[in-house]
Every structure is written in structure tokens, then in C-alpha cells.
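Pasting final-v1.pdb here (PDB, C-alpha atoms and all ligand atoms):
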ATOM      1  CA  MET D   1     -21.543   5.361 -19.245
ATOM      2  CA  THR D   2     -22.170   4.144 -22.787
ATOM      3  CA  GLU D   3     -21.201   7.134 -24.873
ATOM      4  CA  GLY D   4     -18.523   9.777 -25.287
ATOM      5  CA  LYS D   5     -14.865   9.445 -26.210
ATOM      6  CA  ILE D   6     -12.109   7.108 -25.049
ATOM      7  CA  TRP D   7      -8.425   7.868 -25.614
ATOM      8  CA  LEU D   8      -6.832   4.835 -27.270
ATOM      9  CA  ASN D   9      -3.172   4.745 -28.317
ATOM     10  CA  GLY D  10      -2.979   8.460 -28.980
ATOM     11  CA  SER D  11      -6.412   9.226 -30.459
ATOM     12  CA  LEU D  12      -9.841   9.957 -29.058
ATOM     13  CA  VAL D  13     -12.230   7.338 -30.434
ATOM     14  CA  ASP D  14     -15.980   6.868 -30.019
ATOM     15  CA  TYR D  15     -17.017   4.820 -26.997
ATOM     16  CA  ASP D  16     -18.270   1.930 -29.154
ATOM     17  CA  ASN D  17     -15.033   1.788 -31.150
ATOM     18  CA  ALA D  18     -12.680   1.371 -28.165
ATOM     19  CA  LYS D  19     -12.469  -2.392 -28.629
ATOM     20  CA  ILE D  20      -9.908  -5.117 -28.015
ATOM     21  CA  HIS D  21      -9.291  -8.434 -29.770
ATOM     22  CA  VAL D  22     -10.443 -11.650 -28.000
ATOM     23  CA  LEU D  23      -6.874 -12.958 -28.134
ATOM     24  CA  THR D  24      -5.533  -9.956 -26.207
ATOM     25  CA  HIS D  25      -2.768 -11.261 -23.948
ATOM     26  CA  ALA D  26      -3.996  -9.279 -20.939
ATOM     27  CA  LEU D  27      -7.440 -10.865 -21.192
ATOM     28  CA  HIS D  28      -5.948 -14.359 -20.961
ATOM     29  CA  TYR D  29      -3.013 -13.799 -18.601
ATOM     30  CA  ALA D  30      -3.879 -10.578 -16.701
ATOM     31  CA  THR D  31      -0.895  -8.652 -18.068
ATOM     32  CA  GLY D  32      -2.231  -5.163 -17.592
ATOM     33  CA  VAL D  33      -1.610  -2.234 -15.273
ATOM     34  CA  PHE D  34      -4.095   0.489 -14.544
ATOM     35  CA  GLU D  35      -5.038   3.551 -12.496
ATOM     36  CA  GLY D  36      -8.100   5.139 -10.975
ATOM     37  CA  ILE D  37      -8.120   8.942 -10.830
ATOM     38  CA  ARG D  38     -10.787  11.524 -10.032
ATOM     39  CA  CYS D  39     -11.594  14.899 -11.514
ATOM     40  CA  TYR D  40     -13.496  17.239  -9.194
ATOM     41  CA  LYS D  41     -15.421  20.445  -9.744
ATOM     42  CA  ALA D  42     -13.005  22.628  -7.774
ATOM     43  CA  VAL D  43     -13.303  26.289  -6.806
ATOM     44  CA  ASN D  44     -11.518  27.422  -9.979
ATOM     45  CA  GLY D  45     -13.153  24.928 -12.340
ATOM     46  CA  SER D  46     -12.678  21.216 -12.949
ATOM     47  CA  ALA D  47      -9.362  19.821 -11.769
ATOM     48  CA  ILE D  48      -7.812  16.358 -11.699
ATOM     49  CA  PHE D  49      -6.601  15.224  -8.273
ATOM     50  CA  ARG D  50      -2.925  14.186  -8.043
ATOM     51  CA  LEU D  51      -2.754  13.406 -11.751
ATOM     52  CA  GLY D  52       1.062  13.335 -11.857
ATOM     53  CA  ASP D  53       1.276  10.901  -8.922
ATOM     54  CA  HIS D  54      -1.242   8.539 -10.526
ATOM     55  CA  MET D  55       0.536   8.601 -13.899
ATOM     56  CA  GLN D  56       3.861   8.015 -12.176
ATOM     57  CA  ARG D  57       2.369   4.973 -10.396
ATOM     58  CA  LEU D  58       1.067   3.729 -13.765
ATOM     59  CA  LEU D  59       4.548   4.049 -15.287
ATOM     60  CA  ASP D  60       6.116   2.371 -12.236
ATOM     61  CA  SER D  61       3.586  -0.494 -12.429
ATOM     62  CA  GLY D  62       4.518  -0.892 -16.102
ATOM     63  CA  ARG D  63       8.221  -0.858 -15.307
ATOM     64  CA  ILE D  64       7.738  -3.671 -12.771
ATOM     65  CA  TYR D  65       6.087  -5.742 -15.519
ATOM     66  CA  PHE D  66       8.680  -4.888 -18.244
ATOM     67  CA  MET D  67       5.962  -2.879 -19.957
ATOM     68  CA  ASP D  68       7.076   0.171 -21.912
ATOM     69  CA  LEU D  69       3.972   2.318 -22.237
ATOM     70  CA  GLY D  70       5.547   4.411 -24.992
ATOM     71  CA  TYR D  71       4.393   7.710 -23.457
ATOM     72  CA  THR D  72       6.023  10.025 -20.946
ATOM     73  CA  ARG D  73       4.300  11.012 -17.733
ATOM     74  CA  GLU D  74       3.595  14.453 -19.230
ATOM     75  CA  GLN D  75       2.043  12.909 -22.364
ATOM     76  CA  LEU D  76      -0.168  10.660 -20.230
ATOM     77  CA  GLU D  77      -1.233  13.628 -18.095
ATOM     78  CA  LYS D  78      -2.184  15.575 -21.211
ATOM     79  CA  ALA D  79      -4.073  12.568 -22.577
ATOM     80  CA  ALA D  80      -6.116  12.352 -19.351
ATOM     81  CA  VAL D  81      -6.925  16.069 -19.519
ATOM     82  CA  ASP D  82      -7.915  15.722 -23.206
ATOM     83  CA  THR D  83     -10.183  12.752 -22.368
ATOM     84  CA  VAL D  84     -12.016  14.660 -19.643
ATOM     85  CA  LYS D  85     -12.399  17.700 -21.904
ATOM     86  CA  ALA D  86     -13.617  15.608 -24.853
ATOM     87  CA  ASN D  87     -16.368  14.126 -22.677
ATOM     88  CA  GLY D  88     -17.458  17.497 -21.318
ATOM     89  CA  ILE D  89     -17.959  16.194 -17.772
ATOM     90  CA  GLU D  90     -17.168  18.422 -14.815
ATOM     91  CA  GLU D  91     -16.653  15.643 -12.255
ATOM     92  CA  CYS D  92     -15.607  12.140 -13.187
ATOM     93  CA  TYR D  93     -13.583   9.034 -12.556
ATOM     94  CA  ILE D  94     -10.688   8.454 -14.975
ATOM     95  CA  ARG D  95      -9.426   4.960 -15.805
ATOM     96  CA  PRO D  96      -6.085   4.689 -17.624
ATOM     97  CA  ILE D  97      -5.022   1.139 -18.521
ATOM     98  CA  ALA D  98      -1.972  -0.289 -20.289
ATOM     99  CA  TYR D  99      -2.018  -3.874 -21.481
ATOM    100  CA  TYR D 100      -0.293  -6.385 -23.693
ATOM    101  CA  GLY D 101      -2.204  -6.847 -26.944
ATOM    102  CA  TYR D 102      -2.471  -9.771 -29.347
ATOM    103  CA  GLY D 103      -0.379 -11.509 -31.955
ATOM    104  CA  LYS D 104       1.454 -14.175 -30.025
ATOM    105  CA  MET D 105      -0.315 -16.369 -27.506
ATOM    106  CA  GLY D 106       1.598 -17.971 -24.637
ATOM    107  CA  VAL D 107       2.491 -16.886 -21.138
ATOM    108  CA  ASN D 108       5.373 -14.633 -22.229
ATOM    109  CA  PRO D 109       3.747 -11.271 -22.988
ATOM    110  CA  MET D 110       6.831  -9.644 -24.493
ATOM    111  CA  PRO D 111       6.188 -10.402 -28.207
ATOM    112  CA  ASN D 112       2.888  -8.464 -28.030
ATOM    113  CA  LYS D 113       2.492  -4.702 -28.406
ATOM    114  CA  VAL D 114       1.469  -2.604 -25.419
ATOM    115  CA  SER D 115      -1.704  -0.550 -25.807
ATOM    116  CA  VAL D 116      -2.744   2.351 -23.613
ATOM    117  CA  ALA D 117      -6.302   3.580 -23.107
ATOM    118  CA  ILE D 118      -7.932   6.249 -20.954
ATOM    119  CA  ALA D 119     -11.664   6.387 -20.248
ATOM    120  CA  ALA D 120     -13.644   8.813 -18.077
ATOM    121  CA  TRP D 121     -17.143   8.551 -16.661
ATOM    122  CA  LYS D 122     -19.360   9.895 -13.905
ATOM    123  CA  TRP D 123     -19.011   7.675 -10.840
ATOM    124  CA  ASP D 124     -20.621   9.006  -7.714
ATOM    125  CA  GLU D 125     -20.784   6.965  -4.516
ATOM    126  CA  TYR D 126     -18.781   3.798  -5.132
ATOM    127  CA  LEU D 127     -18.895   1.976  -1.837
ATOM    128  CA  LYS D 128     -22.377   2.206  -0.452
ATOM    129  CA  GLY D 129     -22.516   1.891   3.297
ATOM    130  CA  GLY D 130     -26.203   2.397   3.826
ATOM    131  CA  ASP D 131     -28.087   5.661   3.912
ATOM    132  CA  GLY D 132     -26.145   8.837   4.476
ATOM    133  CA  ALA D 133     -22.437   9.596   4.385
ATOM    134  CA  ASP D 134     -21.972   8.998   8.133
ATOM    135  CA  LYS D 135     -23.435   5.491   8.182
ATOM    136  CA  GLY D 136     -20.488   3.145   8.386
ATOM    137  CA  ALA D 137     -19.835   0.370   5.880
ATOM    138  CA  ARG D 138     -20.170  -3.227   7.124
ATOM    139  CA  LEU D 139     -17.000  -5.242   6.591
ATOM    140  CA  MET D 140     -16.055  -8.880   6.992
ATOM    141  CA  VAL D 141     -12.589 -10.362   7.172
ATOM    142  CA  SER D 142     -12.162 -12.334   3.973
ATOM    143  CA  SER D 143     -11.468 -16.054   3.895
ATOM    144  CA  TRP D 144      -9.125 -15.207   0.997
ATOM    145  CA  THR D 145      -5.565 -14.252   1.942
ATOM    146  CA  ARG D 146      -4.183 -11.119   0.253
ATOM    147  CA  ILE D 147      -1.594 -11.976  -2.382
ATOM    148  CA  ASP D 148       1.803 -12.508  -0.808
ATOM    149  CA  LEU D 149       4.630 -10.189  -1.882
ATOM    150  CA  ARG D 150       6.579 -13.312  -2.794
ATOM    151  CA  SER D 151       3.851 -14.243  -5.300
ATOM    152  CA  LEU D 152       3.164 -10.933  -7.038
ATOM    153  CA  PRO D 153       4.747  -7.478  -6.780
ATOM    154  CA  MET D 154       1.907  -5.741  -4.952
ATOM    155  CA  GLY D 155       3.544  -2.343  -5.474
ATOM    156  CA  ALA D 156       2.258  -2.563  -9.040
ATOM    157  CA  LYS D 157      -1.410  -1.748  -9.567
ATOM    158  CA  ALA D 158      -1.824  -4.679 -11.918
ATOM    159  CA  THR D 159      -4.978  -6.329 -13.227
ATOM    160  CA  ALA D 160      -3.548  -9.648 -11.963
ATOM    161  CA  ASN D 161      -4.075  -8.496  -8.356
ATOM    162  CA  TYR D 162      -7.793  -8.070  -8.803
ATOM    163  CA  ALA D 163      -8.944 -11.674  -9.164
ATOM    164  CA  ASN D 164      -8.043 -11.953  -5.481
ATOM    165  CA  SER D 165      -9.885  -8.683  -4.751
ATOM    166  CA  ALA D 166     -12.955  -9.758  -6.739
ATOM    167  CA  LEU D 167     -13.211 -13.092  -4.904
ATOM    168  CA  ALA D 168     -13.039 -11.275  -1.586
ATOM    169  CA  ARG D 169     -15.555  -8.606  -2.616
ATOM    170  CA  VAL D 170     -18.075 -11.130  -3.959
ATOM    171  CA  GLU D 171     -17.707 -13.280  -0.849
ATOM    172  CA  ALA D 172     -18.438 -10.231   1.330
ATOM    173  CA  ILE D 173     -21.438  -9.123  -0.728
ATOM    174  CA  LYS D 174     -22.932 -12.624  -0.823
ATOM    175  CA  ALA D 175     -22.576 -12.813   2.966
ATOM    176  CA  GLY D 176     -24.496  -9.514   3.279
ATOM    177  CA  PHE D 177     -21.545  -7.189   3.898
ATOM    178  CA  ASP D 178     -20.383  -4.144   1.918
ATOM    179  CA  GLU D 179     -16.678  -4.885   1.650
ATOM    180  CA  ALA D 180     -13.914  -7.297   2.684
ATOM    181  CA  VAL D 181     -10.893  -6.731   4.909
ATOM    182  CA  MET D 182      -7.932  -8.704   3.642
ATOM    183  CA  LEU D 183      -5.249 -10.237   5.830
ATOM    184  CA  ASN D 184      -1.814 -11.295   4.602
ATOM    185  CA  SER D 185      -0.259 -14.708   5.044
ATOM    186  CA  ALA D 186       1.078 -13.613   8.452
ATOM    187  CA  GLY D 187      -2.504 -12.858   9.525
ATOM    188  CA  MET D 188      -1.985  -9.092   9.633
ATOM    189  CA  VAL D 189      -4.399  -6.544   8.169
ATOM    190  CA  VAL D 190      -3.454  -5.356   4.673
ATOM    191  CA  GLU D 191      -6.296  -3.372   3.106
ATOM    192  CA  ALA D 192      -9.823  -3.825   1.798
ATOM    193  CA  SER D 193     -10.469  -5.361  -1.639
ATOM    194  CA  ALA D 194      -9.953  -1.999  -3.354
ATOM    195  CA  GLU D 195      -9.225   0.532  -0.596
ATOM    196  CA  ASN D 196      -6.561   1.170   2.018
ATOM    197  CA  ILE D 197      -7.548   0.960   5.668
ATOM    198  CA  PHE D 198      -6.910   3.227   8.652
ATOM    199  CA  MET D 199      -7.860   2.905  12.284
ATOM    200  CA  VAL D 200      -7.969   5.451  15.080
ATOM    201  CA  LYS D 201      -6.862   4.154  18.450
ATOM    202  CA  ASP D 202      -6.357   6.354  21.507
ATOM    203  CA  GLY D 203      -6.587   9.443  19.288
ATOM    204  CA  ALA D 204      -3.790   8.348  16.925
ATOM    205  CA  LEU D 205      -4.110   7.154  13.347
ATOM    206  CA  ALA D 206      -2.524   3.964  12.081
ATOM    207  CA  THR D 207      -2.388   2.250   8.710
ATOM    208  CA  PRO D 208      -0.541  -0.903   7.578
ATOM    209  CA  PRO D 209       2.793  -0.535   5.751
ATOM    210  CA  THR D 210       3.107  -1.272   2.034
ATOM    211  CA  THR D 211       5.392  -4.155   3.061
ATOM    212  CA  SER D 212       2.207  -5.858   4.355
ATOM    213  CA  GLY D 213       1.117  -6.083   0.704
ATOM    214  CA  ALA D 214      -1.006  -2.905   0.730
ATOM    215  CA  LEU D 215      -1.054  -0.633  -2.297
ATOM    216  CA  ALA D 216       0.684   2.725  -1.808
ATOM    217  CA  GLY D 217      -2.656   4.468  -2.253
ATOM    218  CA  VAL D 218      -2.687   8.060  -3.398
ATOM    219  CA  THR D 219      -5.658   8.750  -1.097
ATOM    220  CA  ARG D 220      -3.780   7.032   1.772
ATOM    221  CA  ASP D 221      -0.810   9.321   1.117
ATOM    222  CA  SER D 222      -3.103  12.367   0.925
ATOM    223  CA  ILE D 223      -4.723  11.489   4.267
ATOM    224  CA  MET D 224      -1.295  11.074   5.871
ATOM    225  CA  ALA D 225      -0.138  14.438   4.462
ATOM    226  CA  ILE D 226      -3.334  16.153   5.650
ATOM    227  CA  ALA D 227      -3.036  14.531   9.100
ATOM    228  CA  LYS D 228       0.559  15.759   9.392
ATOM    229  CA  GLU D 229      -0.389  19.292   8.347
ATOM    230  CA  TYR D 230      -3.214  19.425  10.890
ATOM    231  CA  GLY D 231      -1.281  17.876  13.780
ATOM    232  CA  ILE D 232      -2.876  14.420  13.823
ATOM    233  CA  SER D 233      -0.237  11.776  14.411
ATOM    234  CA  CYS D 234      -0.201   8.792  12.087
ATOM    235  CA  GLU D 235       1.765   5.611  12.450
ATOM    236  CA  ILE D 236       2.542   3.182   9.667
ATOM    237  CA  ARG D 237       2.599  -0.180  11.401
ATOM    238  CA  ASP D 238       1.300  -3.703  11.357
ATOM    239  CA  ILE D 239      -2.281  -3.992  12.568
ATOM    240  CA  SER D 240      -3.830  -7.214  13.799
ATOM    241  CA  ARG D 241      -7.411  -8.280  13.211
ATOM    242  CA  ASP D 242      -8.374  -7.926  16.880
ATOM    243  CA  GLU D 243      -6.953  -4.391  17.023
ATOM    244  CA  LEU D 244      -9.449  -3.425  14.331
ATOM    245  CA  TYR D 245     -12.316  -4.883  16.377
ATOM    246  CA  THR D 246     -11.424  -2.667  19.348
ATOM    247  CA  ALA D 247     -10.429   0.474  17.412
ATOM    248  CA  GLY D 248     -12.291   3.676  18.197
ATOM    249  CA  GLU D 249     -12.734   4.399  14.485
ATOM    250  CA  VAL D 250     -11.944   2.626  11.225
ATOM    251  CA  PHE D 251     -12.178   4.102   7.736
ATOM    252  CA  LEU D 252     -11.250   3.142   4.187
ATOM    253  CA  THR D 253      -9.563   5.337   1.591
ATOM    254  CA  GLY D 254      -9.444   5.093  -2.171
ATOM    255  CA  THR D 255      -9.919   7.168  -5.279
ATOM    256  CA  ALA D 256     -13.287   5.553  -5.990
ATOM    257  CA  ALA D 257     -14.472   5.204  -2.363
ATOM    258  CA  GLU D 258     -12.819   8.458  -1.115
ATOM    259  CA  VAL D 259     -12.961   8.466   2.732
ATOM    260  CA  LYS D 260     -15.486   5.860   3.841
ATOM    261  CA  PRO D 261     -16.328   5.284   7.513
ATOM    262  CA  VAL D 262     -16.560   1.691   8.725
ATOM    263  CA  GLY D 263     -19.351   0.876  11.175
ATOM    264  CA  GLU D 264     -18.939  -2.854  11.661
ATOM    265  CA  ILE D 265     -16.321  -5.552  11.184
ATOM    266  CA  ASP D 266     -17.356  -9.220  11.483
ATOM    267  CA  ASN D 267     -20.565  -8.109  13.236
ATOM    268  CA  ARG D 268     -18.678  -6.141  15.898
ATOM    269  CA  THR D 269     -19.693  -2.481  16.031
ATOM    270  CA  ILE D 270     -16.798  -0.039  15.641
ATOM    271  CA  GLY D 271     -17.216   2.993  17.913
ATOM    272  CA  ASP D 272     -20.889   3.881  17.707
ATOM    273  CA  GLY D 273     -21.207   2.407  14.206
ATOM    274  CA  LYS D 274     -21.062   5.798  12.489
ATOM    275  CA  ALA D 275     -18.304   8.088  11.239
ATOM    276  CA  GLY D 276     -16.175   9.065  14.243
ATOM    277  CA  LYS D 277     -14.729  12.482  15.076
ATOM    278  CA  THR D 278     -11.322  11.974  13.441
ATOM    279  CA  THR D 279     -12.829  10.284  10.377
ATOM    280  CA  LYS D 280     -15.222  13.222   9.905
ATOM    281  CA  GLN D 281     -12.430  15.750  10.377
ATOM    282  CA  LEU D 282     -10.134  14.017   7.871
ATOM    283  CA  ARG D 283     -12.959  13.473   5.422
ATOM    284  CA  SER D 284     -13.867  17.142   5.437
ATOM    285  CA  LEU D 285     -10.199  18.216   5.119
ATOM    286  CA  PHE D 286      -9.823  15.765   2.206
ATOM    287  CA  GLU D 287     -13.005  17.139   0.601
ATOM    288  CA  ALA D 288     -11.600  20.656   0.936
ATOM    289  CA  ALA D 289      -8.276  19.594  -0.625
ATOM    290  CA  VAL D 290      -9.822  17.849  -3.649
ATOM    291  CA  HIS D 291     -12.106  20.817  -4.292
ATOM    292  CA  GLY D 292      -9.231  23.318  -4.178
ATOM    293  CA  LYS D 293     -10.463  24.912  -0.937
ATOM    294  CA  ASP D 294      -7.243  24.218   0.950
ATOM    295  CA  LYS D 295      -4.478  26.412  -0.447
ATOM    296  CA  LYS D 296      -1.836  24.287   1.281
ATOM    297  CA  PHE D 297      -2.506  21.454  -1.125
ATOM    298  CA  SER D 298      -4.207  22.836  -4.216
ATOM    299  CA  LYS D 299      -1.082  23.904  -6.098
ATOM    300  CA  ALA D 300       0.687  20.574  -5.716
ATOM    301  CA  TRP D 301      -2.336  18.311  -6.016
ATOM    302  CA  LEU D 302      -4.701  19.821  -8.590
ATOM    303  CA  THR D 303      -4.326  19.941 -12.378
ATOM    304  CA  SER D 304      -6.836  22.269 -13.960
ATOM    305  CA  ILE D 305      -8.415  20.837 -17.106
ATOM    306  CA  ASN D 306      -8.561  24.280 -18.704
TER     307      ASN D 306
HETATM  308  C1  LIG N   1      -6.193  -2.824  -3.682
HETATM  309  C2  LIG N   1      -6.300  -1.346  -3.544
HETATM  310  N1  LIG N   1      -5.810  -0.760  -2.444
HETATM  311  C3  LIG N   1      -5.880   0.576  -2.261
HETATM  312  C4  LIG N   1      -6.465   1.391  -3.206
HETATM  313  C5  LIG N   1      -6.521   2.878  -2.983
HETATM  314  O1  LIG N   1      -5.595   3.521  -3.813
HETATM  315  P1  LIG N   1      -5.819   5.018  -4.301
HETATM  316  O2  LIG N   1      -6.058   5.840  -3.106
HETATM  317  O3  LIG N   1      -4.558   5.369  -5.004
HETATM  318  O4  LIG N   1      -7.002   4.995  -5.212
HETATM  319  C6  LIG N   1      -6.988   0.825  -4.377
HETATM  320  C7  LIG N   1      -7.580   1.663  -5.411
HETATM  321  O5  LIG N   1      -6.906   2.075  -6.319
HETATM  322  C8  LIG N   1      -6.893  -0.569  -4.551
HETATM  323  O6  LIG N   1      -7.389  -1.151  -5.645
END
For the structure just supplied, provide its representation as C-alpha cells.
Amino acid sequence: MTEGKIWLNGSLVDYDNAKIHVLTHALHYATGVFEGIRCYKAVNGSAIFRLGDHMQRLLDSGRIYFMDLGYTREQLEKAAVDTVKANGIEECYIRPIAYYGYGKMGVNPMPNKVSVAIAAWKWDEYLKGGDGADKGARLMVSSWTRIDLRSLPMGAKATANYANSALARVEAIKAGFDEAVMLNSAGMVVEASAENIFMVKDGALATPPTTSGALAGVTRDSIMAIAKEYGISCEIRDISRDELYTAGEVFLTGTAAEVKPVGEIDNRTIGDGKAGKTTKQLRSLFEAAVHGKDKKFSKAWLTSIN
């Protein structure tokens, strides 16, 4: 995307004019919080998926970092809708970000003003796992430990968390893999560099708790709600590295990646290396929910842009 409109501090500005100063605090000290949201072409027109939950997480991330965004959740929701409309795109990825600006350099961000921006662009398949949706992604366990909860509040979706993610992702790509699995300092599975992780073992789903350091993903929550509705049991519990190797199925979830089957971890094939039965079932139920085809979820989860 190199054109269109970006919402910046209350106004829609041209893509090329949505600029920041080089002395922006967040650029130097990673004092920003952000979101990733998707808008889908649903049965009754374009609709943003779980917009309120994403904006609430943005506000909560800000609160953790003493950052007053200066907008209510409702104002942020409207701003996201206005951004999508202004760009005239039916399906897109939406990126709200709040960050400390410039004026006073130094580690303390507080003297600087907070800015808020929202951009939207077409972003199709984010995590490529080879040809075809059923081909599983190839993962490696990262040599980088996921940030400890005693070091950063991992409940906040903060830009500061992503240097760790980027190191892990680049390491995986350079080693010929698609994505990294991150372990915490206790050696337990946390998540991938930018997705939550689930495994299926003996017919039951499991995903690590947020106390492991995993983000409370909106897609993770959606999958758990869908599983509950359709009678698939799901446990939130610690998962060890070797349990992943012997799982029947593993998949990743995230707004950008959606539901992505995992075919290999550290060169060990998971199941038959392709999307398993439960992964396929959950992926298609998730697809139905985001496109407004599942009445049980559409009212609570979809915000029409019209
Ligand atoms: C580190 C990390 N974990 C998990 C997720 C998945 O979260 P969500 O489903 O809310 O996009 C993301 C993406 O936002 C992420 O960056």
C-alpha cells in the first residue's frame, strides 16, 4: 500500500503526509502500543471483526504504559470505520498505533504528547506455509527466549515486545523455516513470534496460558469460543516443547495469519504434515464467523462499516 488515507490524531490525511519526526520518543525507546484488526467482506457487506475487543486491548495496553490515548473506545471504533471507508477497500488489515511523540528526549516518555494513528491496507496471506491452505507451516524453536513477565508486561501489545519477535522471526527465516516457536524462561511453549499456538492431542485442544507470557489473542479467544460452542474441549495449560513434537495437530492463530496449520517443528513432522481434522474444522468455523455466516457470533463480533 502506498496510497489512500491514514487517520492521524483525528483527521484523515493523505498516505504521504502521515509522517513522524525523527526524534519521536517511540522510535528511540519503543514506547508505542498497537493493534492488528481485520475487515472482511461479510454476507451483509464489509464488517470489522471484533473491533470493540481490539480497541479495548489498545486502551488497556496504553493504560499499562501510562499512556492516555485521548479517545474513548467508541471514538477509536468510529475512527477505524472511517479509515476503512475512506480507503474504499472491502477487505483489509487495520493497524491502529498510539505512541509518544517528540519534544523531550530521555527515557521518561511522559513529557511527550501521545499521537494516535490508524492505517488500513489489503493484506492477504501473511504467513506463507508453502502452496495451498492445507500445507503446514515449518516452524523452529527459537534460540531467543520470549520476554519474561518480570521484564515487560506482556499483556500489553507494545512495540517494545517486537524486537524479540523480529529476532526470532529473522532467525527462523534465515534457517529456512516459516516461523519461530518461542519458549519462556521456564522452557515452556509461549506462542510464535506474532501468533498464538494451539495443539490437538488425543482429540482435545490445548493452548498456553497468558501467564506463560502469551498475548491474549483475539483470534485465540475466538477459537476457544467457537470450540466451546461446537463441543470441542479446550484446555489452557502449560505445554512443553516435546509435547508439541508428538501432538496430533498444531496450528497458529492471529489476526494477520488467521488459522494456520503447522506441518513441521524442528524438522519433526506433525501429524501427516498437513492441516489436521480439528484444525480444518476450526478454520472453517472461524471463516464462517468472520464472514458473518455463523449467526451465533455475527452480532457480537462484527461491526458493519456501513
Ligand atoms: C506476539 C503475538 N501473539 C499473538 C498474536 C495474535 O493476536 P490476535 O489474534 O489478537 O491478532 C499476535 C498478533 O497480534 C502477536 O503479535
Output the neighbourhood of ligand LIG 1 (chain N) as JSON, numbers by chain, that is, all protein and nucleic acid residues with some atom at most 6 Å from the ligand, counting all atoms listed in the file. {"D": [36, 193, 194, 195, 196, 215, 217, 218, 219, 220, 253, 254, 255]}
Evaluate the PyMOL selection byres (((chain D and resi 113) around 6) and not hetatm) and record the selected residues as number ranges by chain, following the chain and residue labels used in the document. D: 100-101, 112, 114
Give me, as a ChimeraX atom specification, all polymer residues having an atom no more than 8 Å from range 198-206 of chain D, counting all atoms listed in the file and skipping those fewer than 6 positions away in the same chain. /D:232-237,239,244,247-253,278
Deliver the residues from the most recent selection as a file, using C-alpha atoms, as a CSV table (one decimal), in the frame of the given file.
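Resulting contents of selection_0.csv:
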chain,number,residue,atom,x,y,z
D,232,ILE,CA,-2.9,14.4,13.8
D,233,SER,CA,-0.2,11.8,14.4
D,234,CYS,CA,-0.2,8.8,12.1
D,235,GLU,CA,1.8,5.6,12.4
D,236,ILE,CA,2.5,3.2,9.7
D,237,ARG,CA,2.6,-0.2,11.4
D,239,ILE,CA,-2.3,-4.0,12.6
D,244,LEU,CA,-9.4,-3.4,14.3
D,247,ALA,CA,-10.4,0.5,17.4
D,248,GLY,CA,-12.3,3.7,18.2
D,249,GLU,CA,-12.7,4.4,14.5
D,250,VAL,CA,-11.9,2.6,11.2
D,251,PHE,CA,-12.2,4.1,7.7
D,252,LEU,CA,-11.2,3.1,4.2
D,253,THR,CA,-9.6,5.3,1.6
D,278,THR,CA,-11.3,12.0,13.4
Once the PyMOL selection byres (((chain D and resi 148-161) around 8) and not hetatm) has been evaluated on this model, what residues remain selected, and can you format them as JSON, numbers by chain? {"D": [29, 30, 31, 32, 33, 34, 35, 57, 58, 60, 61, 62, 64, 146, 147, 162, 163, 164, 165, 184, 185, 210, 211, 212, 213, 214, 215, 216]}
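The residue that comes closest to Phe286 in chain D, out of D:Met224, D:Ile270, D:Ile89, D:Ala120 and on the basis of all atoms listed in the file, is D:Met224.
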Of the residues D:Met55, D:Ala86, D:Val190, D:Val116, which is the one nearest to Lys19 in chain D, using all atoms listed in the file? D:Val116
